[in-house]
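Contents: one structure, followed by commentary.
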Amino acid sequence: MIEKETGSSASWPLWEIFIRSKQGLDHKHVGSLHAADAAMAIENARDAYTRRMEGVSIWVVESKYLHASNPDEAASLYDPANDKVYRHPTFYDLPDELKHM
Amino acid sequence: MFSSPTIEYTLHLADNALILGHRNSEWTGHGPILEQDIALSNIALDLIGQARNFYQLAARLINEDRGPGARRAEAGEEGGVTEDDLAYLRDGWDFRNCLLVEQPNGDWGTTILRQFFFSAYQYYFYGELQKSREAGIAAIAEKSLKEVTYHLRWSGEWVIRLGDGTEESADRMKNAMDQLWQYTGELFEPAEYEQTLAAEGIAVDVREIRPMWDQRVREVLTAAQLNKGAGDWMQTGGKLGKHTEYLGYLLTEMQFLQRAYPGCEW
Amino acid sequence: MATADIEKNFQDKIDQDIRIEPKDWMPEAYRRTLVRQMSQHAHSEIVGMLPEANWITRAPSLRRKATLIAKVQDEAGHGLYLYAAAETLGVSRDEMIDQLHSGKAKYSSIFNYPTLTWADMGAIGWLVDGAAIMNQVPLCRASFGPYARAMVRICKEESFHQRQGFEILLVLSRGSAEQRRMCQDAIDRWWWPSVMMFGPNDDASPHTAQSMQWKIKRFTNDELRQRFIDICAGQVKLLGMTLPDDRLAWNEQRGHYDFGPIDWEEFRNVINGNGPCNKQRLEARVKAHVEGAWVREAAVAHARKNSDLNKEEAA
């Protein structure tokens, strides 16, 4: 039924998109999309993921270059928070009058 | 209808944006890939936004300018003209868009090339128009320049991708060029109302932005491995209300509801 | 670790509302069900663009023109988010699109109905988007991370879709005699298909129990359907219009509206390809894809040329 070959020769690679909003501090992963090259990926990201925002920073990475940690190793990669409870702000008892901390 | 050159000029600006926005919106749901469907719809929305700004300004000018003794009317009031009246109740001979924007979409290549030619024009045009002595016009031009800068970048990159892509895409771009080149000259031929207003510092003297447009087009076409159109003959008439056969059909579709059910709110 | 333990850990995470992420272990059936559910949801968004895009060039005012384009464009974006979420599970967008075009994958049957008047834009926004929202909000807490996050993004954007639709109908309901007739006519045609959007009755839905346990479905079909009907029955009064169901009546005992029988025959027919627009919808999508092939190929060819050029320069 489909005459033309729609296979991998015309496939655009997948890119992961990271956006930092105007008021934001970090780039957040917002999703992925297909594009043929980096310039297109950035423009597509602008068109698809920032339609309601202004003045953003966009990072794009081809998905195949994104390396992620193994979830099974999550335990050893991250300090178990319980042991080092002094890292948490609530550990410290400070007077209520102290603001902005 | 055109009680002053400024009103006619403002409608020319509005009509250009509306007709091209309308044409681009015909692609929504039918683009070659999802991401580009979204991108072109964004451009359509930007253009319709520009159109609305200009129509609202024109409506205000018309309502203020109702002639000696006429009651000053607001849009929506009895006797007041609205943006929708201007878009939906004028016939083709009162539209002042240039011929380029009413050309049919054709394939993606034709749409891209049309967008590139027009966005390059708008980029330099709005760059100058934001200095207009008519404050309302200047404000819209300044607001629109950011969007148009993006449209130019986006469409220019696509011209290059398609011109310097595959053999088939290069062929299609050559066809697109054959179709559209003859409509580019009109952009830089000032109508009488443009000349009058340019002398008053209200309108852009389009002859002056021609060299910048030429250079940008040359750069992009070179990167795209495309030749500009053959021949010097340019079609003209849109700015004076003499359109191609396409505009009639376009307006028929666009204006149907307002014409079939006159005087209604939607 | 024994399989039984791994499965128990998996279900424990779900029970504790801990998100499952793409690289986590998951039962094959969970992965398959998710891929099918997310891709079908994505297909629905894309096909769903068509009945509304149908009226873009005829939108009767500049404001309606702009907001309709924005709405349809949002739907393209939603399809994008959902395809992206599905791709995290190892299926490619190309594969999913091929399944849609070959008829193997389904999409929401509601989009196989025609949009015949401008009022249909209002009815779709109010009823179809209303039903979709009812389905989607609970999915913001779906167990699969990418799906839940896509749904959060989608729900944030949906908020104006339904309001836009209702407003269109409200303006019509206060307009001329013909506009009021247009309004009622659209409601009459879109009501029952919207009610059917929630799927078969619970006792005819064999997958519901498993999906609920896996938290990729948070409420049953009948629960959502009842909630939808209750809300719409109230809202329609604001329009001064009626819903085409003479059995619709408030039941004080149940605390819900009673409603008439659903024509499951029609539902099955439309799902199986006999709806008024099934062929056209699919043809439009296939056409766009086939006619766009040269564009996609050109972009890839150009990108390759550029990267080859870069390699040469770097050498």
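Residues are referred to by chain and number: the chain letter is A, B, ... according to the order shown in the structure tokens, the number counts from 1 in that chain, and ligands are numbered separately from 1 in the order shown.
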
Query raised in the report: Which residues, written as a VMD selection string, have at least one atom at most 7 Å from C:Ile56, with only C-alpha atoms counted and residues fewer than 4 positions away on the same chain left out?
Result: chain C and resid 65 68 to 69

Write out, as a CSV table (one decimal), in the first residue's frame, the residues just selected, with all heavy atoms.
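Okay, this is what ended up in again-v4.csv:
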chain,number,residue,atom,x,y,z
C,65,LYS,N,-9.1,32.3,14.0
C,65,LYS,CA,-8.1,31.7,13.1
C,65,LYS,C,-6.8,31.4,13.8
C,65,LYS,O,-6.3,30.3,13.8
C,65,LYS,CB,-7.8,32.7,12.0
C,65,LYS,CG,-7.2,32.2,10.7
C,65,LYS,CD,-7.0,33.4,9.7
C,65,LYS,CE,-6.4,33.0,8.4
C,65,LYS,NZ,-7.3,32.3,7.5
C,68,LEU,N,-7.3,28.7,16.6
C,68,LEU,CA,-7.4,27.4,16.1
C,68,LEU,C,-6.1,26.8,15.6
C,68,LEU,O,-5.8,25.6,15.9
C,68,LEU,CB,-8.5,27.3,15.0
C,68,LEU,CG,-8.8,26.0,14.4
C,68,LEU,CD1,-9.3,25.0,15.5
C,68,LEU,CD2,-9.8,26.1,13.3
C,69,ILE,N,-5.3,27.6,14.9
C,69,ILE,CA,-4.0,27.1,14.5
C,69,ILE,C,-3.2,26.7,15.7
C,69,ILE,O,-2.5,25.7,15.7
C,69,ILE,CB,-3.2,28.2,13.7
C,69,ILE,CG1,-3.9,28.5,12.4
C,69,ILE,CG2,-1.8,27.8,13.4
C,69,ILE,CD1,-3.3,29.7,11.6

Query raised in the report: Could you write out as a PyMOL selection string the residues of chain B within 7 Å of chain C, counting only C-alpha atoms?
Result: chain B and resi 22+26+28-32+34+38+41+45+48+84+161-162+164-166+169+253-258+264-266

Requested in this report: Please identify every residue of chain A that has at least one atom no more than 6 Å from any atom of chain C, counting only C-alpha atoms, and report them as an NGL selection string.
Outcome: :A and (10 or 32 or 36-37 or 48)

Could the residues in this selection be written to a file with N, CA, C and O atoms, as a short mmCIF file (atom, residue, chain, number, x, y, z; two decimals), in the first residue's frame?
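Writing the result to part27.cif gives the following:
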data_model
loop_
_atom_site.label_atom_id
_atom_site.label_comp_id
_atom_site.auth_asym_id
_atom_site.auth_seq_id
_atom_site.Cartn_x
_atom_site.Cartn_y
_atom_site.Cartn_z
N ALA A 10 15.95 7.66 5.13
CA ALA A 10 15.36 8.98 5.32
C ALA A 10 15.14 9.28 6.80
O ALA A 10 14.48 10.24 7.14
N SER A 32 12.46 14.59 23.71
CA SER A 32 13.30 14.34 22.54
C SER A 32 12.53 14.67 21.27
O SER A 32 11.32 14.89 21.30
N ALA A 36 17.52 16.49 11.42
CA ALA A 36 18.57 15.98 10.53
C ALA A 36 19.95 16.48 10.93
O ALA A 36 20.95 15.85 10.62
N ASP A 37 19.97 17.65 11.60
CA ASP A 37 21.26 18.20 12.03
C ASP A 37 21.06 19.05 13.28
O ASP A 37 19.92 19.30 13.69
N ALA A 48 8.96 23.46 19.35
CA ALA A 48 8.10 22.49 20.02
C ALA A 48 8.06 22.66 21.53
O ALA A 48 7.03 22.42 22.15
#

Requested in this report: Please report as JSON, numbers by chain which residues of chain A come no farther than 10 Å from chain B, using only C-alpha atoms.
Outcome: {"A": [12, 33, 34, 35, 36, 39, 40, 41, 43, 44, 45, 46, 47, 48, 51]}

Residue selection dump (C-alpha atoms) as a PDB file, in the first residue's frame:
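The resulting file, out12.pdb, is shown below:
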ATOM      1  CA  TRP A  12      16.366  11.636  11.091  1.00  0.00           C
ATOM      2  CA  LEU A  33      12.607  14.964  18.872  1.00  0.00           C
ATOM      3  CA  HIS A  34      13.911  14.078  15.434  1.00  0.00           C
ATOM      4  CA  ALA A  35      16.101  16.380  13.356  1.00  0.00           C
ATOM      5  CA  ALA A  36      18.567  15.981  10.529  1.00  0.00           C
ATOM      6  CA  ALA A  39      20.814  23.549  13.831  1.00  0.00           C
ATOM      7  CA  MET A  40      17.494  21.967  12.967  1.00  0.00           C
ATOM      8  CA  ALA A  41      17.341  20.241  16.345  1.00  0.00           C
ATOM      9  CA  GLU A  43      15.094  25.203  15.971  1.00  0.00           C
ATOM     10  CA  ASN A  44      12.713  22.286  16.356  1.00  0.00           C
ATOM     11  CA  ALA A  45      13.235  22.433  20.109  1.00  0.00           C
ATOM     12  CA  ARG A  46      12.465  26.127  20.100  1.00  0.00           C
ATOM     13  CA  ASP A  47       9.314  25.502  18.082  1.00  0.00           C
ATOM     14  CA  ALA A  48       8.098  22.488  20.020  1.00  0.00           C
ATOM     15  CA  ARG A  51       6.282  28.100  22.525  1.00  0.00           C
TER      16      ARG A  51
END

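By chain and then residue number, the residues within 8 Å of B:Leu226 are Gly163, Ala170, Met173, Lys174, Leu221, Thr222 and Ala223 of chain B, counting only C-alpha atoms and disregarding those fewer than 3 positions away in sequence.
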
Requested in this report: Excluding stretch 129-135 of chain B and residues on its chain fewer than 5 positions from it, collect all residues at most 6 Å away from it, counting only C-alpha atoms, and give them as number ranges by chain.
Outcome: B: 141-142, 201-202, 204

Query - Selection: 6 Å around B:Arg96, only C-alpha atoms, excl. self and same-chain fewer than 6 positions, as JSON, numbers by chain - result: {"B": [12, 238, 239, 240, 241]}

Please write the residues from the selection above to a file, keeping N, CA, C and O atoms, as an mmCIF file, in the first residue's frame.
data_model
loop_
_atom_site.group_PDB
_atom_site.id
_atom_site.type_symbol
_atom_site.label_atom_id
_atom_site.label_comp_id
_atom_site.auth_asym_id
_atom_site.auth_seq_id
_atom_site.Cartn_x
_atom_site.Cartn_y
_atom_site.Cartn_z
ATOM 1 N N HIS B 12 -1.891 47.354 3.099
ATOM 2 C CA HIS B 12 -0.894 46.612 2.300
ATOM 3 C C HIS B 12 -0.018 45.761 3.219
ATOM 4 O O HIS B 12 0.211 44.569 2.965
ATOM 5 N N GLY B 238 -0.170 43.472 -7.548
ATOM 6 C CA GLY B 238 -0.826 43.143 -6.288
ATOM 7 C C GLY B 238 -1.018 44.361 -5.398
ATOM 8 O O GLY B 238 -2.068 44.534 -4.772
ATOM 9 N N LYS B 239 0.021 45.206 -5.345
ATOM 10 C CA LYS B 239 -0.061 46.366 -4.458
ATOM 11 C C LYS B 239 -1.143 47.352 -4.892
ATOM 12 O O LYS B 239 -1.494 48.279 -4.159
ATOM 13 N N LEU B 240 -1.650 47.146 -6.106
ATOM 14 C CA LEU B 240 -2.696 48.034 -6.614
ATOM 15 C C LEU B 240 -4.031 47.314 -6.725
ATOM 16 O O LEU B 240 -4.985 47.862 -7.262
ATOM 17 N N GLY B 241 -4.090 46.089 -6.270
ATOM 18 C CA GLY B 241 -5.358 45.377 -6.295
ATOM 19 C C GLY B 241 -5.581 44.538 -7.539
ATOM 20 O O GLY B 241 -6.674 44.014 -7.746
#

Requested in this report: Compile the contact shell of B:Gly156 as a PyMOL selection string: residues with an atom at most 9 Å away, counting only C-alpha atoms, same-chain residues fewer than 2 positions apart removed.
Outcome: chain B and resi 112-113+115-117+119-120+151-154+158-161+217+220-221

Report task. Check stretch 170-248 of chain B with DSSP on the backbone and list each residue it calls helix (DSSP H, G or I), as an NGL selection string. Result -> :B and (170-183 or 185-188 or 192-199 or 206-223 or 238-240 or 245-248)

Could the residues in this selection be written to a file with C-alpha atoms, as a PDB file, in the first residue's frame?
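selection_5.pdb, freshly written:
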ATOM      1  CA  ALA B 170      17.650  20.192  -6.186  1.00  0.00           C
ATOM      2  CA  ASP B 171      15.269  19.627  -9.117  1.00  0.00           C
ATOM      3  CA  ARG B 172      12.291  20.622  -7.063  1.00  0.00           C
ATOM      4  CA  MET B 173      14.022  23.786  -5.881  1.00  0.00           C
ATOM      5  CA  LYS B 174      14.795  24.658  -9.485  1.00  0.00           C
ATOM      6  CA  ASN B 175      11.103  24.266 -10.279  1.00  0.00           C
ATOM      7  CA  ALA B 176      10.192  26.383  -7.303  1.00  0.00           C
ATOM      8  CA  MET B 177      12.580  29.063  -8.508  1.00  0.00           C
ATOM      9  CA  ASP B 178      11.042  28.973 -11.982  1.00  0.00           C
ATOM     10  CA  GLN B 179       7.628  29.512 -10.425  1.00  0.00           C
ATOM     11  CA  LEU B 180       8.434  32.211  -7.918  1.00  0.00           C
ATOM     12  CA  TRP B 181      11.285  34.361  -9.204  1.00  0.00           C
ATOM     13  CA  GLN B 182       9.010  36.457 -11.400  1.00  0.00           C
ATOM     14  CA  TYR B 183       7.116  37.607  -8.289  1.00  0.00           C
ATOM     15  CA  GLY B 185      10.509  42.144  -8.323  1.00  0.00           C
ATOM     16  CA  GLU B 186       7.197  43.591  -7.132  1.00  0.00           C
ATOM     17  CA  LEU B 187       8.511  43.674  -3.570  1.00  0.00           C
ATOM     18  CA  PHE B 188      10.875  46.457  -4.558  1.00  0.00           C
ATOM     19  CA  GLU B 192       2.292  55.463  -5.545  1.00  0.00           C
ATOM     20  CA  TYR B 193       1.096  55.438  -1.952  1.00  0.00           C
ATOM     21  CA  GLU B 194       4.484  53.997  -0.911  1.00  0.00           C
ATOM     22  CA  GLN B 195       6.335  56.746  -2.720  1.00  0.00           C
ATOM     23  CA  THR B 196       4.180  59.494  -1.234  1.00  0.00           C
ATOM     24  CA  LEU B 197       4.603  58.126   2.257  1.00  0.00           C
ATOM     25  CA  ALA B 198       8.311  57.382   1.888  1.00  0.00           C
ATOM     26  CA  ALA B 199       8.867  61.043   1.155  1.00  0.00           C
ATOM     27  CA  VAL B 206      11.708  49.670  -0.927  1.00  0.00           C
ATOM     28  CA  ARG B 207      14.242  50.459  -3.638  1.00  0.00           C
ATOM     29  CA  GLU B 208      16.776  51.163  -0.910  1.00  0.00           C
ATOM     30  CA  ILE B 209      16.543  47.744   0.680  1.00  0.00           C
ATOM     31  CA  ARG B 210      16.869  45.928  -2.632  1.00  0.00           C
ATOM     32  CA  PRO B 211      20.691  45.628  -2.569  1.00  0.00           C
ATOM     33  CA  MET B 212      20.623  44.095   0.920  1.00  0.00           C
ATOM     34  CA  TRP B 213      17.983  41.607  -0.163  1.00  0.00           C
ATOM     35  CA  ASP B 214      19.975  40.800  -3.294  1.00  0.00           C
ATOM     36  CA  GLN B 215      23.060  40.090  -1.264  1.00  0.00           C
ATOM     37  CA  ARG B 216      21.362  37.886   1.280  1.00  0.00           C
ATOM     38  CA  VAL B 217      19.606  35.946  -1.463  1.00  0.00           C
ATOM     39  CA  ARG B 218      22.866  35.564  -3.348  1.00  0.00           C
ATOM     40  CA  GLU B 219      24.631  34.182  -0.258  1.00  0.00           C
ATOM     41  CA  VAL B 220      21.941  31.646   0.491  1.00  0.00           C
ATOM     42  CA  LEU B 221      21.485  30.541  -3.106  1.00  0.00           C
ATOM     43  CA  THR B 222      25.214  30.062  -3.464  1.00  0.00           C
ATOM     44  CA  ALA B 223      25.302  27.833  -0.392  1.00  0.00           C
ATOM     45  CA  GLY B 238      -0.826  43.143  -6.288  1.00  0.00           C
ATOM     46  CA  LYS B 239      -0.061  46.366  -4.458  1.00  0.00           C
ATOM     47  CA  LEU B 240      -2.696  48.034  -6.614  1.00  0.00           C
ATOM     48  CA  GLU B 245      -6.455  34.169 -10.187  1.00  0.00           C
ATOM     49  CA  TYR B 246      -5.464  32.479  -6.941  1.00  0.00           C
ATOM     50  CA  LEU B 247      -6.547  35.236  -4.608  1.00  0.00           C
ATOM     51  CA  GLY B 248     -10.219  34.910  -5.502  1.00  0.00           C
TER      52      GLY B 248
END

Pick out the residues sitting within 7 Å of A:Glu62, and hand them over as a compact mmCIF listing (two decimals) with C-alpha atoms, in the first residue's frame; count only C-alpha atoms, and ignore anything fewer than 3 positions along from it in its own chain.
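The resulting file, out22.txt, is shown below:
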# COMPACT_ATOMS: atom_id res chain seq x y z
CA LEU A 14 16.75 11.30 17.69
CA TRP A 15 18.00 14.18 19.83
CA GLU A 16 17.56 14.80 23.55
CA TYR A 65 25.80 10.22 22.53
CA LEU A 66 23.91 10.46 25.79
